[in-house]
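Below: the structure, in structure tokens.
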Amino acid sequence: MKIQELLKTKSGAVVTIDAGDTIGAAAQKMTSHKIAALVVTRDAHPVGVVSEQDIVAAVAEDGVQAGTRPLSRLLKSAVESIAPDTSVKQAMTLMTHARLRHLPVISNDVLVGIVSLGDIVKNRLDELALERDVLRDIYIAAH
């Protein structure tokens, strides 16, 4: 299965935040949308991902004043991303080896979606359930 097919099963648009916003604004946006990560953009182009873990680490380092710091402080040098035609298996491998929980999906420098480790796991569980059902049906038909 390709990532573009997995994205079709998800609802809603990708929630983004500008790199010039504050860490506090990111936390508020995540809370209001009930999500664990935001794609960070600069001039409408994705430049990174900020997660709840990043915000907790910033607060642990700077205390409550971390909320007033620019979000750009949390960004790494390059955004890890995948293309829509990437296989789910390739995405899972990248996420595992790079220890990522969220991956932006980018096509021609345009953000088209985001996948989480939870999306990948759900997809794999659905595939396993389908395989189980097919094998059960074969067994029942043979007996």
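Going by the structure tokens order, chains are called A, B, ..., each with residues numbered from 1, while ligands are numbered from 1 in the order shown.
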Expected answer as a ChimeraX atom specification: helix (DSSP H, G or I) residues in chain A | /A:3-8,23-33,52-68,71-74,88-98,117-142
Using only C-alpha atoms, which residues sit within 10 Å of segment 26-41 of chain A once same-chain residues fewer than 5 positions away are excluded, as a PyMOL selection string?
-> chain A and resi 14-21+46-56+67+70-72+75+79+101-104+111+113-114+116
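The smallest atom-to-atom distance between Thr86 of chain A and any of A:His45, A:Lys2, A:Lys122, A:Lys10, using only C-alpha atoms, is found for A:Lys2.
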Write out as a PyMOL selection string all residues of segment 13-138 of chain A that DSSP puts in strand (DSSP E) for this structure's backbone.
-> chain A and resi 16-18+37-42+45-51+102-107+110-116
Written selection (N, CA and C atoms) as a CSV table (one decimal), in the first residue's frame:
chain,number,residue,atom,x,y,z
A,16,THR,N,-1.2,23.3,10.4
A,16,THR,CA,0.1,23.8,10.3
A,16,THR,C,0.2,25.1,11.2
A,17,ILE,N,1.5,25.5,11.4
A,17,ILE,CA,1.8,26.7,12.1
A,17,ILE,C,3.0,27.3,11.5
A,18,ASP,N,3.0,28.6,11.5
A,18,ASP,CA,4.2,29.4,10.9
A,18,ASP,C,5.4,29.3,11.9
A,37,ALA,N,1.0,16.8,17.0
A,37,ALA,CA,2.1,17.4,16.2
A,37,ALA,C,1.5,18.4,15.2
A,38,LEU,N,2.3,19.3,14.9
A,38,LEU,CA,2.0,20.3,13.8
A,38,LEU,C,3.1,20.4,12.8
A,39,VAL,N,2.7,20.6,11.6
A,39,VAL,CA,3.7,20.8,10.5
A,39,VAL,C,4.0,22.3,10.6
A,40,VAL,N,5.3,22.6,10.6
A,40,VAL,CA,5.8,24.0,10.7
A,40,VAL,C,6.1,24.5,9.3
A,41,THR,N,5.6,25.6,9.0
A,41,THR,CA,5.8,26.2,7.6
A,41,THR,C,6.5,27.5,7.7
A,42,ARG,N,7.1,27.9,6.6
A,42,ARG,CA,7.7,29.2,6.4
A,42,ARG,C,7.4,29.6,4.9
A,45,HIS,N,5.7,26.8,2.9
A,45,HIS,CA,6.5,25.6,2.6
A,45,HIS,C,6.8,24.9,3.9
A,46,PRO,N,6.6,23.6,4.0
A,46,PRO,CA,7.0,22.8,5.2
A,46,PRO,C,8.4,22.9,5.5
A,47,VAL,N,8.8,23.2,6.8
A,47,VAL,CA,10.2,23.3,7.2
A,47,VAL,C,10.5,22.4,8.4
A,48,GLY,N,9.4,21.7,8.9
A,48,GLY,CA,9.6,20.9,10.1
A,48,GLY,C,8.3,20.4,10.7
A,49,VAL,N,8.5,19.7,11.8
A,49,VAL,CA,7.4,19.2,12.6
A,49,VAL,C,7.7,19.5,14.0
A,50,VAL,N,6.7,20.0,14.7
A,50,VAL,CA,6.9,20.2,16.2
A,50,VAL,C,5.9,19.3,16.9
A,51,SER,N,6.3,18.6,17.9
A,51,SER,CA,5.5,17.6,18.6
A,51,SER,C,5.3,18.0,20.1
A,102,HIS,N,5.9,11.3,13.5
A,102,HIS,CA,5.1,12.0,12.5
A,102,HIS,C,5.9,12.3,11.3
A,103,LEU,N,5.4,12.1,10.1
A,103,LEU,CA,6.1,12.4,8.9
A,103,LEU,C,5.2,13.2,7.9
A,104,PRO,N,5.6,14.4,7.6
A,104,PRO,CA,4.9,15.1,6.5
A,104,PRO,C,5.0,14.4,5.2
A,105,VAL,N,3.9,14.5,4.4
A,105,VAL,CA,3.9,14.0,3.1
A,105,VAL,C,3.9,15.2,2.1
A,106,ILE,N,4.9,15.2,1.3
A,106,ILE,CA,5.2,16.4,0.5
A,106,ILE,C,5.3,16.0,-1.0
A,107,SER,N,4.6,16.7,-1.8
A,107,SER,CA,4.7,16.4,-3.3
A,107,SER,C,5.0,17.8,-4.0
A,110,VAL,N,4.9,20.8,-1.9
A,110,VAL,CA,3.6,21.2,-1.3
A,110,VAL,C,3.2,20.1,-0.3
A,111,LEU,N,2.7,20.5,0.9
A,111,LEU,CA,2.3,19.6,1.9
A,111,LEU,C,0.9,19.0,1.5
A,112,VAL,N,0.9,17.7,1.4
A,112,VAL,CA,-0.4,17.0,1.0
A,112,VAL,C,-0.9,16.2,2.1
A,113,GLY,N,-0.2,16.0,3.2
A,113,GLY,CA,-0.7,15.2,4.4
A,113,GLY,C,0.4,15.0,5.4
A,114,ILE,N,0.0,14.3,6.4
A,114,ILE,CA,0.9,13.9,7.5
A,114,ILE,C,0.5,12.5,7.9
A,115,VAL,N,1.4,11.6,8.2
A,115,VAL,CA,1.1,10.3,8.7
A,115,VAL,C,1.8,10.2,10.1
A,116,SER,N,1.1,9.5,11.0
A,116,SER,CA,1.7,9.3,12.3
A,116,SER,C,2.0,7.8,12.5
If you measure from atom CA of Ala66 of chain A to atom CA of Ala44 of chain A, what distance in Å do you get, rounded to one decimal?
-> 24.4 Å
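Going from atom CA of Asp85 of chain A to atom CA of Ile3 of chain A covers 6.1 Å.
Across A:Gly24, A:Arg132, A:Asp43, A:Met95, the tightest approach to Val64 of chain A is made by A:Gly24 when counting only C-alpha atoms.
Of note, atom CA of Ala98 of chain A and atom CA of Ser81 of chain A are spaced 11.2 Å apart.
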